[in-house]
Amino acid sequence: MPELPEVETVRRTLKNLILNQKIRDISIRYDRIIDGDPALFIETLKGQTVRDIGRRGKYLIFFLDKNAFISHLRMEGKYLFVTPGQALNKHEHITFHLSEGMELRYHDTRKFGRMKLTEADACYLAAPLCNLGPEPWLAKADDIYQRIHKSSIPLKTLLLDQTIIAGIGNIYANEICFRMRINPETPGSRISRKRTQEMLEAAKDILDAAIVQGGTTIHSFDANGISGLFQSELQVHMQKACPVCGTEITKKAVHGRGTYFCPICQK
DNA sequence: ACGTCCTCCTGTTCGC
DNA sequence: TGCGAACAGGAGGACG
């Protein structure tokens with residue numbers, strides 16, 4: 001499930017592959033991926049050239065001449081860069097036919113991903129991007145503290161709230177809580193200003209390290225899509241034993257999300 | 001305005 | 001063994 005580091009890795013890889021290529025045409029085989037009118041999506045983007053690829057939180061932003069489209073991979077979305085001869089997989093819902101003969105295909109097993117057309121120069125002003133909190137590296141501890149210190153919601157759930165900080169998903173929320181040695185169910189109201197600062201530092205550290213891992217392992221796009229090495233760095237998420245004290249990791253649902261923590265180290 | 005619950009999907013895992 | 005049910009999960013919408 002792509003979170004900020006995976007999306008950043010996809011952004012960098014895709015930029016190397018399709019920058020300055022023109023979209024000759026688009027084929028859409030599953031309409032619901034498109035937020036809005038699929039025919040308008042095709043008509044508007046056809047003939048425009050990819051000028052940049054950006055990222056905001058977990059969203060990719062494809063900047064074209066006049067328009068942009070915002071892409072969220074949700075759980076399983078992947079972009080594949082393939083030759084037209086490559087047999088079409090049943091999960092490849094959208095094909096961008098590019099000027100240099102290659103195809104960019106959007107693959108999404110669960111069909112949860114979404115793409116939305118916008119104006120290039122106003123893409124940040126409308127939903128969904130306008131609702132996002134700051135990137136972790138730009139977040140100010142005081143602002144975050146103001147958002148969480150009166151809340152009864154568990155810290156781990158607050159970390160998943162994209163309007164507070166953008167880009168953190170379930171895996172990294174678990175890892176951040178472990179780094180802080182804090183119980184993920186601790187309500188926001190019990191987080192001090194100092195702890196908020198520590199939380200931000202932990203988030204930036206962990207995300208930075210994950211981006212480095214993703215970047216070193218991605219050499220190409222293939223049927224397996226993007227996968228990084230960050231799995232080997234995980235301390236609690238999907239782990240059996242605590243790497244610090246060896247205690248069995250507790251797994252339980254917090255606000256409906258799979259949550260992993262060490263019952264001894266995380267108080 | 002805020003918190004909570006439901007929905008969207010399909011591959012995988014689990015239980016009978 | 002086989003098959004159906006439960007489960008996973010990010011974001012947005014409905015609802016109270």
# chains A, B, ... in the order shown; residues from 1 in each chain; ligands from 1

$ closest_atom_pairs --of "range 141-193 of chain A" --to "range 1-13 of chain B" --cutoff "12 Å" --atoms "only C-alpha atoms (C1' of nucleotides)" --output "CSV"
residue,atom,partner,partner_atom,distance
A:Ser151,CA,B:DG3,C1',10.7
A:Ser152,CA,B:DG3,C1',10.4
A:Ile153,CA,B:DG3,C1',9.6

$ write_last_selection --atoms "C-alpha atoms" --output "PDB file, in the first residue's frame"
ATOM      1  CA  SER A 151      -8.575  15.588  20.920  1.00  0.00           C
ATOM      2  CA  SER A 152      -9.660  12.333  22.508  1.00  0.00           C
ATOM      3  CA  ILE A 153      -8.710  10.473  19.325  1.00  0.00           C
TER       4      ILE A 153
END

$ interface_residues --of "chain A" --to "chain B" --cutoff "8 Å" --atoms "only C-alpha atoms (C1' of nucleotides)" --output "list in words"
Thr109, Arg110, Lys111 and Phe112 of chain A

$ atom_distance --atom1 "CA of Ile26 in chain A" --atom2 "CA of Phe96 in chain A"
4.6 Å

$ closest_residue --among "A:Arg32, A:Lys58, A:Lys78, A:Lys194" --to "chain C" --atoms "only C-alpha atoms (C1' of nucleotides)"
A:Lys58

$ interface_residues --of "chain A" --to "chain C" --cutoff "8 Å" --atoms "only C-alpha atoms (C1' of nucleotides)" --output "list in words"
Arg74, Met75 and Arg257 of chain A

$ atom_distance --atom1 "CA of Leu104 in chain A" --atom2 "CA of Ser27 in chain A"
10.6 Å
